[in-house]
$ cat final-v5.pdb   # PDB, C-alpha atoms
ATOM      1  CA  MET A   1     -47.519 -18.000 -75.147
ATOM      2  CA  LYS A   2     -50.535 -17.969 -72.849
ATOM      3  CA  LYS A   3     -48.852 -20.461 -70.504
ATOM      4  CA  SER A   4     -45.761 -18.305 -70.236
ATOM      5  CA  LYS A   5     -47.908 -15.283 -69.361
ATOM      6  CA  ILE A   6     -49.709 -17.282 -66.703
ATOM      7  CA  TRP A   7     -46.390 -18.405 -65.219
ATOM      8  CA  LEU A   8     -45.087 -14.849 -65.312
ATOM      9  CA  LEU A   9     -48.251 -13.649 -63.595
ATOM     10  CA  LEU A  10     -47.978 -16.342 -60.907
ATOM     11  CA  PHE A  11     -44.298 -15.631 -60.398
ATOM     12  CA  GLY A  12     -44.976 -11.906 -60.148
ATOM     13  CA  THR A  13     -47.748 -12.482 -57.617
ATOM     14  CA  PHE A  14     -45.528 -14.772 -55.545
ATOM     15  CA  ALA A  15     -42.654 -12.290 -55.660
ATOM     16  CA  ALA A  16     -44.902  -9.403 -54.652
ATOM     17  CA  THR A  17     -46.338 -11.425 -51.762
ATOM     18  CA  ALA A  18     -42.851 -12.344 -50.584
ATOM     19  CA  VAL A  19     -41.717  -8.719 -50.735
ATOM     20  CA  VAL A  20     -44.763  -7.465 -48.818
ATOM     21  CA  GLY A  21     -44.375 -10.235 -46.242
ATOM     22  CA  GLY A  22     -40.713  -9.402 -45.871
ATOM     23  CA  ILE A  23     -41.517  -5.739 -45.357
ATOM     24  CA  PHE A  24     -44.048  -6.542 -42.611
ATOM     25  CA  PHE A  25     -41.610  -8.948 -40.932
ATOM     26  CA  ALA A  26     -38.796  -6.397 -41.072
ATOM     27  CA  ALA A  27     -41.074  -3.657 -39.764
ATOM     28  CA  GLY A  28     -42.162  -5.836 -36.851
ATOM     29  CA  TYR A  29     -38.575  -6.757 -36.061
ATOM     30  CA  LEU A  30     -37.434  -3.134 -36.212
ATOM     31  CA  ASN A  31     -40.330  -2.049 -34.001
ATOM     32  CA  ARG A  32     -39.391  -4.654 -31.392
ATOM     33  CA  GLN A  33     -35.735  -3.641 -31.547
ATOM     34  CA  LYS A  34     -36.694   0.010 -31.284
ATOM     35  CA  ALA A  35     -38.933  -0.684 -28.283
ATOM     36  CA  ASN A  36     -36.201  -2.674 -26.541
ATOM     37  CA  LYS A  37     -33.570  -0.017 -27.219
ATOM     38  CA  ALA A  38     -35.849   2.778 -26.065
ATOM     39  CA  TYR A  39     -36.785   0.794 -22.958
ATOM     40  CA  GLU A  40     -33.159   0.123 -22.020
ATOM     41  CA  GLU A  41     -32.025   3.679 -22.763
ATOM     42  CA  MET A  42     -34.930   5.097 -20.805
ATOM     43  CA  GLN A  43     -34.016   3.004 -17.775
ATOM     44  CA  ALA A  44     -30.311   3.817 -18.084
ATOM     45  CA  VAL A  45     -30.861   7.571 -18.372
ATOM     46  CA  VAL A  46     -33.250   7.631 -15.456
ATOM     47  CA  ASN A  47     -31.036   5.474 -13.259
ATOM     48  CA  SER A  48     -27.964   7.606 -13.967
ATOM     49  CA  GLY A  49     -29.826  10.627 -12.661
ATOM     50  CA  ILE A  50     -30.898   9.143  -9.339
ATOM     51  CA  PRO A  51     -29.402  11.111  -6.423
ATOM     52  CA  GLU A  52     -26.921   9.214  -4.259
ATOM     53  CA  GLU A  53     -29.336   8.890  -1.365
ATOM     54  CA  ASN A  54     -31.956   7.310  -3.634
ATOM     55  CA  GLN A  55     -29.724   5.196  -5.840
ATOM     56  CA  GLU A  56     -31.012   1.858  -6.974
ATOM     57  CA  ALA A  57     -29.194  -0.823  -5.079
ATOM     58  CA  GLY A  58     -29.290  -4.425  -4.037
ATOM     59  CA  LEU A  59     -29.547  -6.259  -0.766
ATOM     60  CA  GLU A  60     -25.806  -5.993  -0.265
ATOM     61  CA  GLY A  61     -26.227  -2.292   0.569
ATOM     62  CA  LYS A  62     -26.981  -0.705   3.915
ATOM     63  CA  LYS A  63     -28.060  -3.414   6.315
ATOM     64  CA  ASP A  64     -30.130  -1.544   8.861
ATOM     65  CA  GLY A  65     -33.383  -3.459   8.945
ATOM     66  CA  ALA A  66     -35.165  -6.781   8.790
ATOM     67  CA  TRP A  67     -36.389  -6.071   5.266
ATOM     68  CA  GLN A  68     -32.923  -6.174   3.761
ATOM     69  CA  GLU A  69     -31.724  -9.185   5.678
ATOM     70  CA  ALA A  70     -35.015 -10.996   6.067
ATOM     71  CA  ASP A  71     -34.380 -14.712   6.186
ATOM     72  CA  GLY A  72     -36.734 -17.457   5.124
ATOM     73  CA  ASP A  73     -38.399 -17.815   8.504
ATOM     74  CA  THR A  74     -38.961 -14.085   8.927
ATOM     75  CA  LEU A  75     -40.787 -13.622   5.651
ATOM     76  CA  ALA A  76     -42.558 -16.957   5.839
ATOM     77  CA  ASN A  77     -43.910 -16.116   9.292
ATOM     78  CA  GLU A  78     -45.087 -12.702   8.188
ATOM     79  CA  SER A  79     -46.823 -14.233   5.204
ATOM     80  CA  GLY A  80     -48.196 -17.023   7.368
ATOM     81  CA  ALA A  81     -49.795 -14.477   9.666
ATOM     82  CA  VAL A  82     -51.563 -13.008   6.680
ATOM     83  CA  GLN A  83     -53.028 -16.357   5.724
ATOM     84  CA  GLU A  84     -54.087 -17.262   9.260
ATOM     85  CA  ASN A  85     -55.504 -13.933  10.348
ATOM     86  CA  GLY A  86     -56.786 -12.688   7.026
ATOM     87  CA  SER A  87     -55.234  -9.261   7.567
ATOM     88  CA  ALA A  88     -52.477  -7.876   5.407
ATOM     89  CA  ALA A  89     -49.115  -7.287   7.090
ATOM     90  CA  ARG A  90     -48.434  -3.576   7.337
ATOM     91  CA  ALA A  91     -45.256  -2.524   5.604
ATOM     92  CA  GLU A  92     -42.666  -0.163   7.052
ATOM     93  CA  ALA A  93     -43.703   3.421   6.538
ATOM     94  CA  PRO A  94     -41.569   4.955   3.787
ATOM     95  CA  PRO A  95     -39.494   8.069   4.448
ATOM     96  CA  ALA A  96     -41.379  11.340   4.548
ATOM     97  CA  GLY A  97     -42.240  12.504   1.065
ATOM     98  CA  THR A  98     -42.240   9.078  -0.531
ATOM     99  CA  GLU A  99     -45.994   9.267  -1.041
ATOM    100  CA  GLU A 100     -46.079  13.067  -1.067
ATOM    101  CA  GLY A 101     -49.568  14.486  -1.256
ATOM    102  CA  LEU A 102     -51.373  11.338  -0.119
ATOM    103  CA  THR A 103     -53.343  11.706   3.074
ATOM    104  CA  GLN A 104     -52.397   9.421   5.947
ATOM    105  CA  SER A 105     -55.735   7.649   5.826
ATOM    106  CA  VAL A 106     -55.285   6.820   2.145
ATOM    107  CA  GLU A 107     -51.549   6.140   2.145
ATOM    108  CA  ARG A 108     -51.542   3.455   4.826
ATOM    109  CA  ASN A 109     -55.080   2.251   5.443
ATOM    110  CA  ALA A 110     -55.406  -0.512   7.979
ATOM    111  CA  ALA A 111     -56.114  -3.754   6.151
ATOM    112  CA  ALA A 112     -59.394  -5.439   6.985
ATOM    113  CA  GLU A 113     -61.091  -8.692   6.052
ATOM    114  CA  LEU A 114     -63.538  -8.122   3.216
ATOM    115  CA  SER A 115     -67.053  -9.135   4.067
ATOM    116  CA  GLY A 116     -68.859  -8.531   0.807
ATOM    117  CA  GLY A 117     -69.934  -5.444  -1.070
ATOM    118  CA  LYS A 118     -67.827  -3.103  -3.160
ATOM    119  CA  GLY A 119     -64.261  -4.269  -3.572
ATOM    120  CA  ASN A 120     -64.908  -7.862  -2.612
ATOM    121  CA  ALA A 121     -63.601 -10.777  -4.656
ATOM    122  CA  LEU A 122     -63.914 -14.305  -3.357
ATOM    123  CA  SER A 123     -61.080 -16.730  -3.913
ATOM    124  CA  SER A 124     -61.710 -19.754  -6.087
ATOM    125  CA  LYS A 125     -58.956 -21.629  -4.265
ATOM    126  CA  PRO A 126     -60.069 -22.748  -0.765
ATOM    127  CA  ASP A 127     -56.653 -22.372   0.902
ATOM    128  CA  VAL A 128     -56.071 -18.823  -0.344
ATOM    129  CA  THR A 129     -57.261 -16.064   1.961
ATOM    130  CA  VAL A 130     -58.332 -12.899   0.187
ATOM    131  CA  THR A 131     -57.451  -9.837   2.241
ATOM    132  CA  GLY A 132     -58.692  -6.336   1.712
ATOM    133  CA  LYS A 133     -58.106  -2.668   2.441
ATOM    134  CA  ASN A 134     -60.519   0.117   3.243
ATOM    135  CA  LEU A 135     -59.360   2.372   0.440
ATOM    136  CA  ASP A 136     -60.966   5.753  -0.166
ATOM    137  CA  TRP A 137     -61.029   5.790  -3.957
ATOM    138  CA  ASP A 138     -62.507   9.279  -4.156
ATOM    139  CA  ALA A 139     -59.616  10.637  -2.088
ATOM    140  CA  LEU A 140     -57.106   8.716  -4.192
ATOM    141  CA  HIS A 141     -58.542  10.086  -7.420
ATOM    142  CA  LYS A 142     -58.433  13.624  -6.030
ATOM    143  CA  GLU A 143     -54.744  13.183  -5.270
ATOM    144  CA  ASN A 144     -54.043  11.830  -8.756
ATOM    145  CA  ALA A 145     -56.583  10.873 -11.400
ATOM    146  CA  ASP A 146     -54.171   8.286 -12.847
ATOM    147  CA  ILE A 147     -54.450   6.062  -9.753
ATOM    148  CA  TYR A 148     -56.566   3.060 -10.665
ATOM    149  CA  ALA A 149     -55.387   0.250  -8.386
ATOM    150  CA  TRP A 150     -53.428  -0.542  -5.229
ATOM    151  CA  ILE A 151     -50.832  -3.303  -4.952
ATOM    152  CA  SER A 152     -49.708  -5.078  -1.793
ATOM    153  CA  VAL A 153     -47.260  -7.950  -1.308
ATOM    154  CA  PRO A 154     -47.388  -9.133   2.323
ATOM    155  CA  GLY A 155     -43.950  -9.800   3.774
ATOM    156  CA  THR A 156     -42.411  -6.937   1.780
ATOM    157  CA  THR A 157     -42.713  -3.152   1.834
ATOM    158  CA  VAL A 158     -44.737  -3.191  -1.388
ATOM    159  CA  ASP A 159     -47.960  -1.388  -0.475
ATOM    160  CA  TYR A 160     -48.644   1.377  -2.989
ATOM    161  CA  PRO A 161     -51.092   2.891  -5.467
ATOM    162  CA  VAL A 162     -50.742   1.791  -9.093
ATOM    163  CA  LEU A 163     -50.868   4.458 -11.788
ATOM    164  CA  GLN A 164     -51.083   4.552 -15.571
ATOM    165  CA  HIS A 165     -50.504   7.721 -17.564
ATOM    166  CA  PRO A 166     -52.912   8.028 -20.510
ATOM    167  CA  THR A 167     -50.299   9.060 -23.098
ATOM    168  CA  SER A 168     -46.728   8.625 -21.795
ATOM    169  CA  ASN A 169     -45.661   5.151 -20.718
ATOM    170  CA  ALA A 170     -42.441   6.466 -19.157
ATOM    171  CA  TYR A 171     -44.076   9.313 -17.244
ATOM    172  CA  TYR A 172     -44.147   7.721 -13.788
ATOM    173  CA  LEU A 173     -40.714   6.176 -14.105
ATOM    174  CA  ASN A 174     -39.234   9.333 -12.597
ATOM    175  CA  ARG A 175     -42.242  11.366 -11.510
ATOM    176  CA  ASN A 176     -43.919  11.318  -8.145
ATOM    177  CA  MET A 177     -47.546  11.196  -7.107
ATOM    178  CA  ASP A 178     -47.954  14.975  -7.394
ATOM    179  CA  GLY A 179     -46.382  15.056 -10.866
ATOM    180  CA  SER A 180     -43.076  16.497  -9.663
ATOM    181  CA  LYS A 181     -40.002  15.142 -11.410
ATOM    182  CA  GLY A 182     -37.731  13.046  -9.220
ATOM    183  CA  TYR A 183     -37.686   9.925  -7.123
ATOM    184  CA  PRO A 184     -38.853   7.462  -5.969
ATOM    185  CA  GLY A 185     -41.306   7.729  -8.844
ATOM    186  CA  CYS A 186     -44.434   5.589  -8.728
ATOM    187  CA  ILE A 187     -45.578   2.033  -9.208
ATOM    188  CA  TYR A 188     -47.099   1.992 -12.672
ATOM    189  CA  THR A 189     -48.249   0.057 -15.711
ATOM    190  CA  GLU A 190     -48.097   0.986 -19.383
ATOM    191  CA  ASN A 191     -51.018   1.465 -21.732
ATOM    192  CA  TYR A 192     -50.205  -1.861 -23.376
ATOM    193  CA  ASN A 193     -52.216  -3.228 -20.446
ATOM    194  CA  SER A 194     -55.865  -2.575 -19.717
ATOM    195  CA  LYS A 195     -56.691  -1.178 -16.293
ATOM    196  CA  ASP A 196     -59.210  -3.881 -15.418
ATOM    197  CA  PHE A 197     -56.541  -6.633 -15.226
ATOM    198  CA  SER A 198     -58.329  -8.640 -17.897
ATOM    199  CA  ASP A 199     -55.143  -9.188 -19.930
ATOM    200  CA  LEU A 200     -53.438 -12.566 -19.897
ATOM    201  CA  HIS A 201     -50.225 -10.838 -18.816
ATOM    202  CA  THR A 202     -50.029  -7.629 -16.804
ATOM    203  CA  VAL A 203     -46.617  -6.043 -16.161
ATOM    204  CA  VAL A 204     -46.139  -3.642 -13.237
ATOM    205  CA  TYR A 205     -42.984  -1.536 -12.881
ATOM    206  CA  GLY A 206     -41.235  -0.052  -9.850
ATOM    207  CA  HIS A 207     -37.759   1.096  -8.799
ATOM    208  CA  ASN A 208     -35.269  -0.828  -6.652
ATOM    209  CA  LEU A 209     -34.007   1.809  -4.189
ATOM    210  CA  LYS A 210     -31.595   1.900  -1.257
ATOM    211  CA  ASP A 211     -34.249   3.127   1.144
ATOM    212  CA  LYS A 212     -36.172  -0.127   0.627
ATOM    213  CA  THR A 213     -39.257   1.558  -0.807
ATOM    214  CA  MET A 214     -41.100   0.837  -4.056
ATOM    215  CA  PHE A 215     -40.135  -2.629  -5.434
ATOM    216  CA  SER A 216     -36.821  -2.941  -3.553
ATOM    217  CA  THR A 217     -37.879  -5.700  -1.179
ATOM    218  CA  LEU A 218     -39.131  -7.915  -3.990
ATOM    219  CA  HIS A 219     -35.512  -9.061  -3.987
ATOM    220  CA  ASN A 220     -36.386 -11.037  -0.857
ATOM    221  CA  PHE A 221     -37.758 -13.554  -3.345
ATOM    222  CA  GLY A 222     -34.291 -13.924  -4.803
ATOM    223  CA  LYS A 223     -33.859 -16.472  -2.032
ATOM    224  CA  ASP A 224     -35.094 -19.885  -3.093
ATOM    225  CA  LYS A 225     -36.395 -20.780   0.373
ATOM    226  CA  LEU A 226     -38.812 -17.862   0.318
ATOM    227  CA  VAL A 227     -40.244 -18.608  -3.104
ATOM    228  CA  GLN A 228     -40.991 -22.182  -2.068
ATOM    229  CA  GLU A 229     -43.342 -20.879   0.642
ATOM    230  CA  PRO A 230     -46.828 -19.588  -0.250
ATOM    231  CA  HIS A 231     -46.746 -15.855  -0.998
ATOM    232  CA  TYR A 232     -49.309 -13.654  -2.682
ATOM    233  CA  ILE A 233     -49.702 -10.424  -4.606
ATOM    234  CA  TYR A 234     -52.924  -8.514  -3.924
ATOM    235  CA  VAL A 235     -54.214  -5.977  -6.424
ATOM    236  CA  TYR A 236     -57.143  -3.846  -5.279
ATOM    237  CA  THR A 237     -59.424  -2.012  -7.682
ATOM    238  CA  GLU A 238     -62.769  -0.294  -7.245
ATOM    239  CA  SER A 239     -64.538  -3.357  -8.605
ATOM    240  CA  GLY A 240     -62.669  -6.139  -6.828
ATOM    241  CA  VAL A 241     -59.522  -7.724  -5.467
ATOM    242  CA  PHE A 242     -57.194  -9.832  -7.599
ATOM    243  CA  THR A 243     -55.122 -12.426  -5.754
ATOM    244  CA  TYR A 244     -52.011 -13.802  -7.452
ATOM    245  CA  GLU A 245     -49.898 -16.635  -6.069
ATOM    246  CA  ILE A 246     -46.171 -16.114  -6.614
ATOM    247  CA  PHE A 247     -44.584 -18.987  -8.517
ATOM    248  CA  ALA A 248     -41.414 -17.481  -9.992
ATOM    249  CA  ALA A 249     -38.670 -14.964  -9.239
ATOM    250  CA  TYR A 250     -35.825 -14.674 -11.715
ATOM    251  CA  GLU A 251     -33.523 -12.422 -13.698
ATOM    252  CA  PHE A 252     -34.297 -11.919 -17.361
ATOM    253  CA  PRO A 253     -32.920  -9.825 -20.243
ATOM    254  CA  ALA A 254     -34.171  -6.222 -20.208
ATOM    255  CA  ILE A 255     -36.502  -6.553 -23.166
ATOM    256  CA  HIS A 256     -39.998  -5.155 -23.378
ATOM    257  CA  LEU A 257     -42.106  -8.181 -22.462
ATOM    258  CA  LEU A 258     -45.391  -6.852 -23.809
ATOM    259  CA  VAL A 259     -43.881  -5.883 -27.171
ATOM    260  CA  ASN A 260     -41.668  -8.913 -27.777
ATOM    261  CA  TYR A 261     -44.247 -11.603 -27.031
ATOM    262  CA  ASP A 262     -47.586 -11.765 -28.822
ATOM    263  CA  LEU A 263     -49.378 -13.356 -25.917
ATOM    264  CA  THR A 264     -52.712 -13.081 -27.690
ATOM    265  CA  ASN A 265     -51.434 -16.120 -29.600
ATOM    266  CA  GLU A 266     -52.266 -19.154 -27.465
ATOM    267  CA  TYR A 267     -49.207 -21.085 -28.622
ATOM    268  CA  VAL A 268     -46.847 -18.189 -27.926
ATOM    269  CA  TYR A 269     -48.358 -17.713 -24.470
ATOM    270  CA  ALA A 270     -48.138 -21.438 -23.700
ATOM    271  CA  GLN A 271     -44.454 -21.419 -24.635
ATOM    272  CA  TYR A 272     -43.880 -18.262 -22.595
ATOM    273  CA  ILE A 273     -45.309 -19.982 -19.501
ATOM    274  CA  LYS A 274     -43.158 -23.064 -20.150
ATOM    275  CA  ASP A 275     -40.075 -20.881 -20.487
ATOM    276  CA  ILE A 276     -40.753 -19.302 -17.092
ATOM    277  CA  LEU A 277     -41.208 -22.702 -15.452
ATOM    278  CA  ASN A 278     -37.932 -23.860 -16.996
ATOM    279  CA  MET A 279     -35.903 -20.811 -15.957
ATOM    280  CA  ASP A 280     -34.165 -22.748 -13.190
ATOM    281  CA  SER A 281     -32.671 -25.058 -15.815
ATOM    282  CA  THR A 282     -31.027 -22.140 -17.634
ATOM    283  CA  ASN A 283     -27.869 -20.229 -16.759
ATOM    284  CA  ALA A 284     -29.833 -17.367 -15.197
ATOM    285  CA  ARG A 285     -28.054 -16.006 -12.111
ATOM    286  CA  VAL A 286     -31.301 -15.993 -10.133
ATOM    287  CA  ALA A 287     -34.129 -18.375 -10.977
ATOM    288  CA  ASN A 288     -36.419 -19.551  -8.198
ATOM    289  CA  ILE A 289     -39.414 -21.491  -9.487
ATOM    290  CA  ARG A 290     -42.235 -23.319  -7.706
ATOM    291  CA  HIS A 291     -42.944 -26.452  -9.704
ATOM    292  CA  ASP A 292     -45.754 -27.513  -7.377
ATOM    293  CA  ILE A 293     -47.963 -24.713  -8.721
ATOM    294  CA  GLU A 294     -49.743 -25.503 -11.971
ATOM    295  CA  VAL A 295     -49.749 -22.659 -14.492
ATOM    296  CA  THR A 296     -51.073 -23.039 -18.048
ATOM    297  CA  GLU A 297     -51.968 -20.850 -21.012
ATOM    298  CA  LYS A 298     -55.506 -20.682 -19.599
ATOM    299  CA  ASP A 299     -54.265 -18.699 -16.588
ATOM    300  CA  LYS A 300     -53.674 -14.979 -16.202
ATOM    301  CA  ILE A 301     -50.365 -13.851 -14.743
ATOM    302  CA  ILE A 302     -48.850 -10.682 -13.330
ATOM    303  CA  THR A 303     -45.167  -9.725 -13.516
ATOM    304  CA  LEU A 304     -43.572  -7.228 -11.127
ATOM    305  CA  SER A 305     -40.482  -5.804 -12.808
ATOM    306  CA  THR A 306     -37.567  -3.981 -11.172
ATOM    307  CA  CYS A 307     -33.788  -3.589 -11.492
ATOM    308  CA  THR A 308     -31.353  -6.302 -10.419
ATOM    309  CA  THR A 309     -29.365  -6.081  -7.196
ATOM    310  CA  ASP A 310     -26.150  -5.173  -9.040
ATOM    311  CA  HIS A 311     -27.898  -2.600 -11.214
ATOM    312  CA  ASP A 312     -27.142  -4.436 -14.473
ATOM    313  CA  ALA A 313     -28.864  -2.400 -17.204
ATOM    314  CA  SER A 314     -29.126  -5.466 -19.444
ATOM    315  CA  LEU A 315     -31.217  -7.424 -16.939
ATOM    316  CA  ARG A 316     -34.400  -7.121 -14.911
ATOM    317  CA  PHE A 317     -35.560  -8.935 -11.789
ATOM    318  CA  LEU A 318     -39.060 -10.320 -12.257
ATOM    319  CA  VAL A 319     -41.521 -11.703  -9.723
ATOM    320  CA  VAL A 320     -44.438 -13.533 -11.327
ATOM    321  CA  GLY A 321     -47.768 -14.597  -9.877
ATOM    322  CA  VAL A 322     -50.735 -16.536 -11.254
ATOM    323  CA  LEU A 323     -54.297 -15.317 -10.700
ATOM    324  CA  ARG A 324     -56.075 -17.421  -8.092
ATOM    325  CA  ASN A 325     -59.479 -15.768  -7.954
ATOM    326  CA  SER A 326     -62.008 -14.765 -10.562
TER     327      SER A 326
END

$ encode --input "final-v5.pdb" --output "structure tokens"
Amino acid sequence: MKKSKIWLLLFGTFAATAVVGGIFFAAGYLNRQKANKAYEEMQAVVNSGIPEENQEAGLEGKKDGAWQEADGDTLANESGAVQENGSAARAEAPPAGTEEGLTQSVERNAAAELSGGKGNALSSKPDVTVTGKNLDWDALHKENADIYAWISVPGTTVDYPVLQHPTSNAYYLNRNMDGSKGYPGCIYTENYNSKDFSDLHTVVYGHNLKDKTMFSTLHNFGKDKLVQEPHYIYVYTESGVFTYEIFAAYEFPAIHLLVNYDLTNEYVYAQYIKDILNMDSTNARVANIRHDIEVTEKDKIITLSTCTTDHDASLRFLVVGVLRNS
């Protein structure tokens, strides 16, 4: 009789554990599905409301400048100049109102070689030149307190402040620097990421627009020849400069990367890195990978996320870089 009670107790405990585990698993799955659905719907609703003149579009659109039709040599030379001279290539000035409210001195500061002091971060890789900007952080914060970084990708028009809203992750998807609703929106991160770039994986979002502002010209890296040349992403903060070397540009399903992958798990992160490096062996429409760059689970990466050239709501175009300085 006692044995049967013990077995019943063990069975009951096992059953209860299984039920609780199942509930947690189901809750996690539903949360991921909910996040993905909300993310896709949010993008679709916002994109459907973009005025014709600011529609998201690909490189097959209006061909009126070197940015849209930049070939391998053009971008490689621009990037090469950055590495040789140590000064960031200045991007085309965006149309009036793109950075509404920002003063000229803040919006497009002339890049200058850092020589120590505040904002300096030395590269740990000898052949990587760290470039800098003379940014007036006090002026930036007066314009918008949510500005906490500046991102620049030499050889593209990406040269903008980075914002993060304290409560609404979707806020800057369709709001401008001054808080007005509309486009082009802002370059932003979500509060899943810390603002000191200490996370293993930081994701930065920006629109792909016809006027070639925001993240539009990241699609230059959709060309394999360009990805195979050295290109860098510079992120400037008040405490230092983070230099990332681009090693991948590819299309990927429009899932929420920071929700779907528990990258705090070393094994999950290691597999995530491997999956990126193997993207060119999948059936992805665009997958340009540099296999000569070593990236492991010990490295920190940054992903720049924007819409695809054909505006496919089920996909995103991602440009990924690995941190090259400490």

$ residues_around --input "final-v5.pdb" --residues "A:Asn265" --least-positions-apart "6" --cutoff "12 Å" --atoms "only C-alpha atoms" --output "number ranges by chain"
A: 200, 271-272, 297-298

$ closest_residue --input "final-v5.pdb" --among "A:Ala249, A:Leu173, A:Glu143, A:Ile301" --to "A:Asn278" --atoms "all atoms listed in the file"
A:Ala249

$ residues_around --input "final-v5.pdb" --residues "A:Ala248" --least-positions-apart "3" --cutoff "12 Å" --atoms "all atoms listed in the file" --output "NGL selection string"
:A and (218-219 or 221-232 or 244-245 or 251-252 or 273-280 or 286-295 or 301-304 or 317-322)

$ write_last_selection --input "final-v5.pdb" --atoms "C-alpha atoms" --output "mmCIF file, in the frame of the given file"
data_model
loop_
_atom_site.group_PDB
_atom_site.id
_atom_site.type_symbol
_atom_site.label_atom_id
_atom_site.label_comp_id
_atom_site.auth_asym_id
_atom_site.auth_seq_id
_atom_site.Cartn_x
_atom_site.Cartn_y
_atom_site.Cartn_z
ATOM 1 C CA LEU A 218 -39.131 -7.915 -3.990
ATOM 2 C CA HIS A 219 -35.512 -9.061 -3.987
ATOM 3 C CA PHE A 221 -37.758 -13.554 -3.345
ATOM 4 C CA GLY A 222 -34.291 -13.924 -4.803
ATOM 5 C CA LYS A 223 -33.859 -16.472 -2.032
ATOM 6 C CA ASP A 224 -35.094 -19.885 -3.093
ATOM 7 C CA LYS A 225 -36.395 -20.780 0.373
ATOM 8 C CA LEU A 226 -38.812 -17.862 0.318
ATOM 9 C CA VAL A 227 -40.244 -18.608 -3.104
ATOM 10 C CA GLN A 228 -40.991 -22.182 -2.068
ATOM 11 C CA GLU A 229 -43.342 -20.879 0.642
ATOM 12 C CA PRO A 230 -46.828 -19.588 -0.250
ATOM 13 C CA HIS A 231 -46.746 -15.855 -0.998
ATOM 14 C CA TYR A 232 -49.309 -13.654 -2.682
ATOM 15 C CA TYR A 244 -52.011 -13.802 -7.452
ATOM 16 C CA GLU A 245 -49.898 -16.635 -6.069
ATOM 17 C CA GLU A 251 -33.523 -12.422 -13.698
ATOM 18 C CA PHE A 252 -34.297 -11.919 -17.361
ATOM 19 C CA ILE A 273 -45.309 -19.982 -19.501
ATOM 20 C CA LYS A 274 -43.158 -23.064 -20.150
ATOM 21 C CA ASP A 275 -40.075 -20.881 -20.487
ATOM 22 C CA ILE A 276 -40.753 -19.302 -17.092
ATOM 23 C CA LEU A 277 -41.208 -22.702 -15.452
ATOM 24 C CA ASN A 278 -37.932 -23.860 -16.996
ATOM 25 C CA MET A 279 -35.903 -20.811 -15.957
ATOM 26 C CA ASP A 280 -34.165 -22.748 -13.190
ATOM 27 C CA VAL A 286 -31.301 -15.993 -10.133
ATOM 28 C CA ALA A 287 -34.129 -18.375 -10.977
ATOM 29 C CA ASN A 288 -36.419 -19.551 -8.198
ATOM 30 C CA ILE A 289 -39.414 -21.491 -9.487
ATOM 31 C CA ARG A 290 -42.235 -23.319 -7.706
ATOM 32 C CA HIS A 291 -42.944 -26.452 -9.704
ATOM 33 C CA ASP A 292 -45.754 -27.513 -7.377
ATOM 34 C CA ILE A 293 -47.963 -24.713 -8.721
ATOM 35 C CA GLU A 294 -49.743 -25.503 -11.971
ATOM 36 C CA VAL A 295 -49.749 -22.659 -14.492
ATOM 37 C CA ILE A 301 -50.365 -13.851 -14.743
ATOM 38 C CA ILE A 302 -48.850 -10.682 -13.330
ATOM 39 C CA THR A 303 -45.167 -9.725 -13.516
ATOM 40 C CA LEU A 304 -43.572 -7.228 -11.127
ATOM 41 C CA PHE A 317 -35.560 -8.935 -11.789
ATOM 42 C CA LEU A 318 -39.060 -10.320 -12.257
ATOM 43 C CA VAL A 319 -41.521 -11.703 -9.723
ATOM 44 C CA VAL A 320 -44.438 -13.533 -11.327
ATOM 45 C CA GLY A 321 -47.768 -14.597 -9.877
ATOM 46 C CA VAL A 322 -50.735 -16.536 -11.254
#

$ atom_distance --input "final-v5.pdb" --atom1 "atom CA of A:Val158" --atom2 "atom CA of A:Lys181"
21.4 Å

$ closest_residue --input "final-v5.pdb" --among "A:Thr282, A:Asp196, A:Leu140, A:Ala145" --to "A:Ser239" --atoms "all atoms listed in the file"
A:Asp196

$ atom_distance --input "final-v5.pdb" --atom1 "atom CA of A:Asp146" --atom2 "atom CA of A:Ala170"
13.4 Å

$ atom_distance --input "final-v5.pdb" --atom1 "atom CA of A:Thr237" --atom2 "atom CA of A:Thr167"
21.1 Å

$ residues_around --input "final-v5.pdb" --residues "A:Phe242" --least-positions-apart "4" --cutoff "7 Å" --atoms "all atoms listed in the file" --output "list of chain:residue names"
A:Tyr234, A:Val235, A:Tyr236, A:Leu323, A:Asn325

$ resolve_selection --input "final-v5.pdb" --expression "the PyMOL selection byres ((chain A and resi 199) around 12)" --output "number ranges by chain"
A: 191-198, 200-203, 258, 262-264, 269, 298-303, 323

$ residues_around --input "final-v5.pdb" --residues "stretch 174-177 of chain A" --least-positions-apart "6" --cutoff "6 Å" --atoms "only C-alpha atoms" --output "list in words"
Tyr183, Gly185 and Cys186 of chain A

$ residues_around --input "final-v5.pdb" --residues "A:Asn169" --least-positions-apart "2" --cutoff "8 Å" --atoms "all atoms listed in the file" --output "PyMOL selection string"
chain A and resi 164-167+171-172+189-191

$ closest_residue --input "final-v5.pdb" --among "A:Ser180, A:Asn144, A:Thr306, A:Thr296" --to "A:Leu163" --atoms "all atoms listed in the file"
A:Asn144
